[in-house]
Amino acid sequence: MLVAEGLTKKFSGLVAVDEVSLAVAEGSLTGLIGPNGAGKTTVFAMLAGFLHPTGGRVLLDGADLTDEPPYRRARRGIARTFQITQPFAGLSVHENIAVGAYLRHARRADAMDRAAAVAERVGLSHELDKPAAALTVAGRKRLEVARALATEPRLLLLDEVLAGLNPSEVRDMIPVLRAIRDDGVTIFMIEHIMQAVMNLCETVYVIAQGRLVAAGTPQHVCAEPQVIEAYLGHGAAARIAAGGVHARG
Amino acid sequence: MYSTEIVLEAVLNGLLTGGVYALVALGLTLVYGVLHIINFAHGALLTCAMFMVWAAWAWLGIDPYAAVLVVGPLMFGLGYGMQRLVIGPASRHDDGNILLVTLGLAIVLENALLAGFKSDTRTVATDYALEVVSIGPLLLSQPRLVGFAVTIVMTALLWLVLNRTDIGKAIRAVAREKTGARLVGIDVDHVYAVTFGIGCVCLAVAASLLMPTFYVNPRIGGAFVLVAFTIVVLGGMGSVVGALLGGLLIGAVESLSSLYLGDSLGQLGIFLIFIVVLLVRPTGLFGARV
Amino acid sequence: MTATDLLRPLLVVAVFAVVPWLGVSNATLNFLVYMLIVALAAQGWNILGGFGGQYSFGHAAFFGTGAYATAILQVQLGVNAWVGLVCGVAAGVAVGLFVGFLSFRSGLRGSYFALVTLAFAEVFRVVANAAGFTGGAAGLLIRLEPGVATLQFADRRITCMLVLGFVGLGLVISTWLTRSRFGAHLIAVRENEQAAEALGVDPMRVKLGAIALSAALTALAGCLYAQYFLFIDATIAYGPWISVEALLAPLVGGAGTVFGPLIGALALHGLGEATKGIAGSVPGIDLVVFGVVLILVIAFLPGGLMGGLARLAGRLRTIARGRRPAVEA
Ligand SMILES: Nc1ncnc2c1ncn2[C@@H]1O[C@H](COP(=O)(O)OP(=O)(O)OP(=O)(O)O)[C@@H](O)[C@H]1O
Ligand SMILES: [Mg+2]
């Protein structure tokens with residue numbers, strides 16, 4: 001459903017993203033991985049409309065979105081989360097999520113109900129009345145997901161929503177994401193935690209230094225030597241081949 | 001429609017006035033460059049300084065130019081104290097709060113002067129106020145010429161202080177990286193207050209240069225504050241040289257637009273420049289920082 | 001918005017509505033009318049500054065446009081006062097949209113937005129002071145002619161009711177902002193523009209809507225001012241005093257709250273009168289107090305009077321809740 005063609009972004013000389021083309025199939029759970037500074041967040045920013053690409057196009061179901069501002073794309077059903085969480089700090093958790101829900105529900109009562117239901121799904125229902133500023137890291141990540149989900153998107157772009165969570169919190173979150181996908185929402189996620197990627201994604205794109213270096217199933221991609229090199233540093237491929245080392249990111 | 005001489009004279013006189021404007025703007029831009037705050041009380045502080053110069057003359061018989069020796073330290077103390085005791089603690093370094101606290105101070109200062117001195121306009125009478133210097137066919141006001149020269153000296157002095165003294169180095173360090181400066185043991189709150197004090201000294205000098213040819217009443221700061229903001233925005237927020245150039249430019253523009261549009265509409269040119277610069281290029285025309 | 005949401009605004013209006021009929025002096029009525037006009041202008045500021053987080057230092061541009069439009073239409077063109085009022089509000093909205101479009105398109109915010117609004121107001125002041133159709137520096141005098149059609153009432157209690165009605169409208173609009181999609185969007189843009197955009201909010205449209213609404217209320221205050229005092233000039237209509245009044249009241253009362261502007265205006269002007277009572281009518285003394293109050297509120301009472309009240313209520317609740325187990329133990 002979502003297609004990127006030759007996406008390129010230059011920041012005054014630095015090429016952050018270089019001719020990246022990818023496709024996210026309807027109903028899939030697709031991953032985007034790569035080392036720090038590879039350009040993953042920049043790709044998402046271009047997909048969601050927060051950065052205008054230096055070159056290339058973004059298509060949703062064949063429609064060219066490249067020149068559309070973020071709010072239009074959100075109305076079309078693309079929702080993103082922010083790697084550095086961006087809560088409405090002065091508002092309660094409930095109100096935060098309601099801002100998302102207002103996209104499809106004009107009446108306050110409906111939006112608030114919808115927000116409460118979404119909070120329930122991501123495990124925030126006990127914190128509804130808390131100020132967003134008072135949430136823990138895990139809570140903020142959940143809030144990002146909840147707000148995006150409340151817009152009832154067709155495509156959810158998740159930027160490292162598991163980063164900074166402890167293992168048990170990650171374990172809690174994984175089924176939540178899978179359930180969202182099972183409800184028909186296509187998910188495209190950036191993730192560092194390989195265990196989660198292997199567990200969740202059907203297709204994975206790997207970028208390093210702005211370039212796409214591999215694509216395929218997680219198992220396939222992880223076996224590619226250039227991915228392991230790019231991702232884990234020189235010599236990692238050999239170490240993994242020797243056995244026993246889990247890719248962790 | 002006017003002869004070249006009249007226009008030239010207007011431009012030159014404008015440039016000379018612009019020198020004093022530049023001095024007012026210098027204080028503002030310094031505070032902005034270091035503290036990263038827009039000081040809305042700047043105009044009211046100028047009014048304070050002008051009243052001090054007037055009082056020194058009226059009550060103690062001190063010449064306005066000589067008064068700077070008294071008013072300068074007083075204004076430094078006022079600025080230092082205001083930043084250290086009011087603006088810093090009350091605003092807790094939140095930008096919106098700073099804006100409002102300085103606005104509150106402006107209201108307090110201006111109206112305290114109004115309560116104390118009523119709205120009467122006061123002037124200082126000196127025997128040199130109307131002296132002119134003739135250069136070829138052009139007549140230039142002598143006090144303005146003095147003002148212009150002093151402005152250049154002040155700008156140079158400020159540059160020296162910033163670049164050649166310990167406190168200047170501390171100020172520049174804080175302007176660049178507050179946290180880093182604190183880590184190497186610089187007392188940031190002290191530096192902030194000193195910077196604010198220096199900004200106020202610029203106002204003291206400007207006041208003593210203005211008083212021989214100008215007048216003071218409690219609302220006079222308002223007339224200068226937008227001009228000063230215009231200069232600062234034009235010159236690039238935080239740029240000392242930009243403030244000087246911006247001041248000269250605005251002085252000339254004001255002089256020309258009152259020549260062609262009359263006094264009441266003369267200010268319009270400045271406000272419009274201000275709006276356009278803010279809308280189009282809020283980083284200023286001349287760029288560079290402190 | 002439901003009927004119960006309107007209960008509190010109506011209650012507050014009802015309380016204010018009783019006062020004029022309790023046999024109070026003319027001076028008190030005068031105070032009430034003036035305070036309510038300021039409160040109305042402040043409610044306008046509060047929509048953009050409080051709910052929207054865009055601090056304007058130039059709401060005089062809207063106030064003055066409302067005042068001048070009403071006055072000019074009546075004096076120069078003999079238009080009915082009610083029509084003048086509607087046109088005044090419309091003119092204020094037009095100015096608001098113009099200023100808003102230019103500033104928001106350039107991405108101005110914070111201090112820069114404050115400065116640019118201040119400059120716009122000054123441009124209007126200079127022009128109004130120089131132009132012919134505004135009466136120039138002499139100002140405009142509206143003919144004294146009491147009647148419903150002229151919106152002038154010999155009985156000040158009626159004027160008070162009229163202005164109070166509009167303040168009530170302001171309260172209803174503010175309440176609507178706390179209960180509606182537009183209001184939620186506006187607050188979201190204030191809190192985090194980028195995050196709001198990701199959720200489908202068009203920030204430009206929301207901000208323009210806010211400045212239009214904001215300008216409408218403040219222009220309305222300007223119209224009522226002209227109609228009550230029957231004289232305006234550039235310093236009154238476009239002077240910095242009203243920009244300051246319009247922002248002081250919400251900030252002291254509680255920016256971004258429904259009742260903040262009204263409570264703030266009442267508190268400030270009550271205090272102003274008290275000061276004058278003690279210090280005699282020294283010019284400017286009330287404003288010195290206002291400035292000090294503003295600084296004190298920012299230093300010690302974040303969220304203004306309403307914020308303070310909310311915290312107090314919260315604390316009382318916790319104490320009440322905390323006490324029960326303590327007694328049992
Ligand atoms: N606005 C910007 N201006 C200049 N350079 C930028 C900007 N945004 C990102 N970059 C640079 O582009 C590169 C890619 O950044 P990006 O945030 O997309 O990486 P990432 O893959 O998301 O990294 P991480 O895993 O750390 O989140 C980095 O070198 C970064 O410094
Ligand atoms: Mg990233």
# chains A, B, ... in the order shown; residues from 1 in each chain; ligands from 1

$ interface_residues --of "chain B" --to "chain C" --cutoff "8 Å" --atoms "only C-alpha atoms" --output "VMD selection string"
chain B and resid 38 89 to 92 95 to 97 99 to 101 103 to 109 111 to 112 114 to 115 118 226 264 to 265 267 to 268 271 to 272 274 to 275 278 to 280

$ write_last_selection --atoms "N, CA, C and O atoms" --output "tab-separated table (two decimals), in the first residue's frame"
chain	number	residue	atom	x	y	z
B	38	ILE	N	14.37	38.70	25.41
B	38	ILE	CA	13.96	40.00	24.88
B	38	ILE	C	13.54	40.83	26.07
B	38	ILE	O	12.61	40.48	26.79
B	89	PRO	N	15.05	35.10	39.42
B	89	PRO	CA	14.25	34.26	40.31
B	89	PRO	C	12.78	34.14	39.87
B	89	PRO	O	12.21	33.06	39.95
B	90	ALA	N	12.19	35.25	39.41
B	90	ALA	CA	10.75	35.20	39.12
B	90	ALA	C	10.44	34.40	37.88
B	90	ALA	O	9.38	33.79	37.77
B	91	SER	N	11.38	34.37	36.92
B	91	SER	CA	11.02	33.74	35.65
B	91	SER	C	11.44	32.28	35.59
B	91	SER	O	10.98	31.54	34.74
B	92	ARG	N	12.29	31.85	36.51
B	92	ARG	CA	12.79	30.47	36.50
B	92	ARG	C	13.25	30.04	35.10
B	92	ARG	O	13.03	28.91	34.67
B	95	ASP	N	11.19	31.06	28.93
B	95	ASP	CA	11.16	32.19	28.00
B	95	ASP	C	9.91	33.04	28.11
B	95	ASP	O	9.98	34.26	28.15
B	96	GLY	N	8.76	32.36	28.13
B	96	GLY	CA	7.51	33.09	28.23
B	96	GLY	C	7.46	33.92	29.50
B	96	GLY	O	7.05	35.08	29.49
B	97	ASN	N	7.93	33.35	30.60
B	97	ASN	CA	7.94	34.06	31.87
B	97	ASN	C	8.84	35.29	31.81
B	97	ASN	O	8.50	36.35	32.32
B	99	LEU	N	9.69	37.09	29.27
B	99	LEU	CA	9.00	38.10	28.48
B	99	LEU	C	8.02	38.87	29.36
B	99	LEU	O	7.99	40.10	29.36
B	100	LEU	N	7.25	38.12	30.13
B	100	LEU	CA	6.20	38.76	30.93
B	100	LEU	C	6.77	39.49	32.13
B	100	LEU	O	6.27	40.54	32.51
B	101	VAL	N	7.83	38.94	32.73
B	101	VAL	CA	8.43	39.63	33.88
B	101	VAL	C	9.03	40.96	33.44
B	101	VAL	O	8.85	41.98	34.10
B	103	LEU	N	8.08	42.68	30.91
B	103	LEU	CA	6.94	43.54	30.62
B	103	LEU	C	6.40	44.13	31.93
B	103	LEU	O	6.12	45.33	32.02
B	104	GLY	N	6.29	43.28	32.95
B	104	GLY	CA	5.83	43.75	34.26
B	104	GLY	C	6.74	44.84	34.80
B	104	GLY	O	6.27	45.87	35.29
B	105	LEU	N	8.05	44.65	34.67
B	105	LEU	CA	9.00	45.65	35.14
B	105	LEU	C	8.83	46.96	34.37
B	105	LEU	O	8.90	48.05	34.95
B	106	ALA	N	8.61	46.84	33.06
B	106	ALA	CA	8.42	48.04	32.25
B	106	ALA	C	7.22	48.82	32.77
B	106	ALA	O	7.27	50.05	32.93
B	107	ILE	N	6.13	48.08	33.04
B	107	ILE	CA	4.92	48.74	33.53
B	107	ILE	C	5.20	49.43	34.87
B	107	ILE	O	4.83	50.58	35.09
B	108	VAL	N	5.89	48.72	35.76
B	108	VAL	CA	6.18	49.27	37.08
B	108	VAL	C	7.05	50.52	36.97
B	108	VAL	O	6.72	51.58	37.52
B	109	LEU	N	8.16	50.42	36.24
B	109	LEU	CA	9.10	51.55	36.14
B	109	LEU	C	8.42	52.78	35.54
B	109	LEU	O	8.48	53.88	36.08
B	111	ASN	N	5.30	53.58	35.21
B	111	ASN	CA	4.23	54.21	35.98
B	111	ASN	C	4.70	54.74	37.32
B	111	ASN	O	4.11	55.67	37.85
B	112	ALA	N	5.78	54.18	37.85
B	112	ALA	CA	6.36	54.76	39.06
B	112	ALA	C	6.91	56.15	38.73
B	112	ALA	O	6.73	57.09	39.50
B	114	LEU	N	5.76	58.00	36.35
B	114	LEU	CA	4.57	58.83	36.12
B	114	LEU	C	4.01	59.31	37.45
B	114	LEU	O	3.64	60.47	37.60
B	115	ALA	N	3.97	58.40	38.42
B	115	ALA	CA	3.45	58.77	39.73
B	115	ALA	C	4.36	59.81	40.38
B	115	ALA	O	3.89	60.75	41.03
B	118	LYS	N	4.75	63.03	37.40
B	118	LYS	CA	3.59	63.41	36.57
B	118	LYS	C	3.98	63.30	35.09
B	118	LYS	O	5.08	62.91	34.76
B	226	LEU	N	10.53	50.51	20.41
B	226	LEU	CA	10.29	49.82	19.14
B	226	LEU	C	11.40	50.10	18.15
B	226	LEU	O	11.80	49.24	17.37
B	264	SER	N	4.59	63.07	11.97
B	264	SER	CA	3.68	62.09	12.56
B	264	SER	C	3.73	60.76	11.82
B	264	SER	O	3.61	59.70	12.42
B	265	LEU	N	3.91	60.81	10.52
B	265	LEU	CA	3.97	59.55	9.78
B	265	LEU	C	5.40	59.01	9.69
B	265	LEU	O	5.63	57.91	9.24
B	267	GLN	N	7.44	57.90	11.84
B	267	GLN	CA	7.71	56.64	12.55
B	267	GLN	C	7.22	55.43	11.76
B	267	GLN	O	7.70	54.33	11.94
B	268	LEU	N	6.23	55.68	10.92
B	268	LEU	CA	5.61	54.58	10.19
B	268	LEU	C	6.64	53.76	9.42
B	268	LEU	O	6.61	52.54	9.43
B	271	PHE	N	8.31	51.29	11.71
B	271	PHE	CA	7.48	50.14	12.10
B	271	PHE	C	7.31	49.18	10.93
B	271	PHE	O	7.35	47.95	11.10
B	272	LEU	N	7.13	49.74	9.73
B	272	LEU	CA	6.93	48.87	8.58
B	272	LEU	C	8.19	48.06	8.29
B	272	LEU	O	8.13	46.86	8.02
B	274	PHE	N	10.33	47.20	10.47
B	274	PHE	CA	10.37	46.23	11.54
B	274	PHE	C	9.52	45.01	11.21
B	274	PHE	O	9.96	43.86	11.28
B	275	ILE	N	8.28	45.27	10.82
B	275	ILE	CA	7.36	44.17	10.52
B	275	ILE	C	7.88	43.33	9.37
B	275	ILE	O	7.93	42.10	9.44
B	278	LEU	N	10.85	41.24	10.42
B	278	LEU	CA	10.43	40.12	11.26
B	278	LEU	C	9.78	39.02	10.43
B	278	LEU	O	10.02	37.83	10.63
B	279	LEU	N	8.94	39.43	9.49
B	279	LEU	CA	8.21	38.44	8.72
B	279	LEU	C	9.10	37.72	7.73
B	279	LEU	O	8.95	36.53	7.48
B	280	VAL	N	10.05	38.46	7.16
B	280	VAL	CA	10.81	37.90	6.05
B	280	VAL	C	12.12	37.30	6.51
B	280	VAL	O	12.53	36.24	6.06

$ residues_near_ligand --ligand "ligand 2" --cutoff "10 Å" --atoms "only C-alpha atoms and all ligand atoms" --output "number ranges by chain"
A: 33-45, 82-84, 159-160, 190-192

$ interface_residues --of "chain C" --to "chain A" --cutoff "9 Å" --atoms "only C-alpha atoms" --output "list in words"
Met1, Arg179, Ser180, Arg181, Ala184, His185, Ile187, Ala188, Val189, Arg190, Glu191, Asn192, Gln194, Ala195, Ala196, Glu197, Ala198, Leu199, Gly200, Val201, Asp202 and Pro203 of chain C

$ select_by_dssp --residues "range 1-231 of chain C" --states "strand (DSSP E or B)" --output "list in words"
Leu140, Leu141, Gly147, Gln152 and Phe231 of chain C

$ residues_around --residues "Ala156 in chain B" --least-positions-apart "5" --cutoff "10 Å" --atoms "only C-alpha atoms" --output "count of residues only"
6

$ residues_around --residues "Asp182 in chain A" --least-positions-apart "6" --cutoff "10 Å" --atoms "only C-alpha atoms" --output "count of residues only"
4

$ residues_around --residues "range 171-176 of chain B" --least-positions-apart "4" --cutoff "10 Å" --atoms "only C-alpha atoms" --output "list in words"
Leu30, Val31, Tyr32, Gly33, Val34, Leu35, His36, Val161, Leu162, Asn163, Thr165, Asp166, Ile167, Gly180, Ala181, Arg182, Val184, Ile186, Asp187, Val188, Asp189, His190, Val191, Tyr192, Val194, Thr195, Gly238, Arg289 and Val290 of chain B

$ select_by_dssp --residues "range 206-290 of chain B" --states "helix (DSSP H, G or I)" --output "NGL selection string"
:B and (206-210 or 220-235 or 240-261 or 263-280)

$ decode --residues "range 235-248 of chain B" --atoms "all heavy atoms" --output "PDB file, in the first residue's frame"
ATOM      1  N   GLY B 235      19.684  44.245  12.712  1.00  0.00           N
ATOM      2  CA  GLY B 235      21.115  43.971  12.788  1.00  0.00           C
ATOM      3  C   GLY B 235      21.411  42.519  13.095  1.00  0.00           C
ATOM      4  O   GLY B 235      22.559  42.102  13.047  1.00  0.00           O
ATOM      5  N   GLY B 236      20.377  41.743  13.409  1.00  0.00           N
ATOM      6  CA  GLY B 236      20.598  40.361  13.823  1.00  0.00           C
ATOM      7  C   GLY B 236      20.681  40.338  15.330  1.00  0.00           C
ATOM      8  O   GLY B 236      21.553  40.975  15.919  1.00  0.00           O
ATOM      9  N   MET B 237      19.738  39.622  15.945  1.00  0.00           N
ATOM     10  CA  MET B 237      19.677  39.551  17.396  1.00  0.00           C
ATOM     11  C   MET B 237      21.029  39.135  17.969  1.00  0.00           C
ATOM     12  O   MET B 237      21.572  38.101  17.591  1.00  0.00           O
ATOM     13  CB  MET B 237      18.640  38.503  17.815  1.00  0.00           C
ATOM     14  CG  MET B 237      17.234  38.930  17.520  1.00  0.00           C
ATOM     15  SD  MET B 237      16.672  39.979  18.855  1.00  0.00           S
ATOM     16  CE  MET B 237      14.925  40.029  18.489  1.00  0.00           C
ATOM     17  N   GLY B 238      21.578  39.935  18.852  1.00  0.00           N
ATOM     18  CA  GLY B 238      22.821  39.563  19.508  1.00  0.00           C
ATOM     19  C   GLY B 238      24.072  40.064  18.820  1.00  0.00           C
ATOM     20  O   GLY B 238      25.168  39.843  19.296  1.00  0.00           O
ATOM     21  N   SER B 239      23.926  40.760  17.710  1.00  0.00           N
ATOM     22  CA  SER B 239      25.116  41.216  17.001  1.00  0.00           C
ATOM     23  C   SER B 239      25.437  42.666  17.350  1.00  0.00           C
ATOM     24  O   SER B 239      24.613  43.562  17.167  1.00  0.00           O
ATOM     25  CB  SER B 239      24.897  41.070  15.487  1.00  0.00           C
ATOM     26  OG  SER B 239      25.762  41.932  14.791  1.00  0.00           O
ATOM     27  N   VAL B 240      26.655  42.922  17.869  1.00  0.00           N
ATOM     28  CA  VAL B 240      27.057  44.272  18.272  1.00  0.00           C
ATOM     29  C   VAL B 240      27.238  45.165  17.052  1.00  0.00           C
ATOM     30  O   VAL B 240      26.715  46.284  16.977  1.00  0.00           O
ATOM     31  CB  VAL B 240      28.358  44.222  19.105  1.00  0.00           C
ATOM     32  CG1 VAL B 240      28.910  45.621  19.301  1.00  0.00           C
ATOM     33  CG2 VAL B 240      28.093  43.568  20.452  1.00  0.00           C
ATOM     34  N   VAL B 241      27.974  44.652  16.065  1.00  0.00           N
ATOM     35  CA  VAL B 241      28.195  45.435  14.856  1.00  0.00           C
ATOM     36  C   VAL B 241      26.879  45.662  14.122  1.00  0.00           C
ATOM     37  O   VAL B 241      26.601  46.755  13.624  1.00  0.00           O
ATOM     38  CB  VAL B 241      29.197  44.706  13.928  1.00  0.00           C
ATOM     39  CG1 VAL B 241      29.419  45.519  12.663  1.00  0.00           C
ATOM     40  CG2 VAL B 241      30.506  44.490  14.658  1.00  0.00           C
ATOM     41  N   GLY B 242      26.047  44.628  14.102  1.00  0.00           N
ATOM     42  CA  GLY B 242      24.731  44.742  13.479  1.00  0.00           C
ATOM     43  C   GLY B 242      23.926  45.861  14.109  1.00  0.00           C
ATOM     44  O   GLY B 242      23.236  46.616  13.419  1.00  0.00           O
ATOM     45  N   ALA B 243      24.025  45.991  15.451  1.00  0.00           N
ATOM     46  CA  ALA B 243      23.276  47.043  16.135  1.00  0.00           C
ATOM     47  C   ALA B 243      23.753  48.411  15.687  1.00  0.00           C
ATOM     48  O   ALA B 243      22.948  49.327  15.458  1.00  0.00           O
ATOM     49  CB  ALA B 243      23.423  46.897  17.645  1.00  0.00           C
ATOM     50  N   LEU B 244      25.054  48.550  15.532  1.00  0.00           N
ATOM     51  CA  LEU B 244      25.611  49.837  15.101  1.00  0.00           C
ATOM     52  C   LEU B 244      25.116  50.184  13.696  1.00  0.00           C
ATOM     53  O   LEU B 244      24.572  51.258  13.453  1.00  0.00           O
ATOM     54  CB  LEU B 244      27.137  49.777  15.134  1.00  0.00           C
ATOM     55  CG  LEU B 244      27.853  51.094  14.873  1.00  0.00           C
ATOM     56  CD1 LEU B 244      27.495  52.130  15.923  1.00  0.00           C
ATOM     57  CD2 LEU B 244      29.358  50.887  14.842  1.00  0.00           C
ATOM     58  N   LEU B 245      25.289  49.227  12.779  1.00  0.00           N
ATOM     59  CA  LEU B 245      24.860  49.473  11.396  1.00  0.00           C
ATOM     60  C   LEU B 245      23.354  49.699  11.324  1.00  0.00           C
ATOM     61  O   LEU B 245      22.881  50.623  10.655  1.00  0.00           O
ATOM     62  CB  LEU B 245      25.255  48.289  10.506  1.00  0.00           C
ATOM     63  CG  LEU B 245      26.761  48.069  10.346  1.00  0.00           C
ATOM     64  CD1 LEU B 245      27.033  46.860   9.471  1.00  0.00           C
ATOM     65  CD2 LEU B 245      27.417  49.308   9.761  1.00  0.00           C
ATOM     66  N   GLY B 246      22.609  48.842  12.043  1.00  0.00           N
ATOM     67  CA  GLY B 246      21.152  48.968  12.057  1.00  0.00           C
ATOM     68  C   GLY B 246      20.733  50.325  12.590  1.00  0.00           C
ATOM     69  O   GLY B 246      19.821  50.966  12.061  1.00  0.00           O
ATOM     70  N   GLY B 247      21.404  50.782  13.641  1.00  0.00           N
ATOM     71  CA  GLY B 247      21.074  52.073  14.233  1.00  0.00           C
ATOM     72  C   GLY B 247      21.245  53.200  13.231  1.00  0.00           C
ATOM     73  O   GLY B 247      20.374  54.057  13.073  1.00  0.00           O
ATOM     74  N   LEU B 248      22.367  53.181  12.534  1.00  0.00           N
ATOM     75  CA  LEU B 248      22.634  54.228  11.544  1.00  0.00           C
ATOM     76  C   LEU B 248      21.583  54.208  10.440  1.00  0.00           C
ATOM     77  O   LEU B 248      21.037  55.238  10.053  1.00  0.00           O
ATOM     78  CB  LEU B 248      24.033  54.039  10.952  1.00  0.00           C
ATOM     79  CG  LEU B 248      25.171  54.131  11.965  1.00  0.00           C
ATOM     80  CD1 LEU B 248      26.513  53.973  11.275  1.00  0.00           C
ATOM     81  CD2 LEU B 248      25.123  55.459  12.721  1.00  0.00           C
TER      82      LEU B 248
END
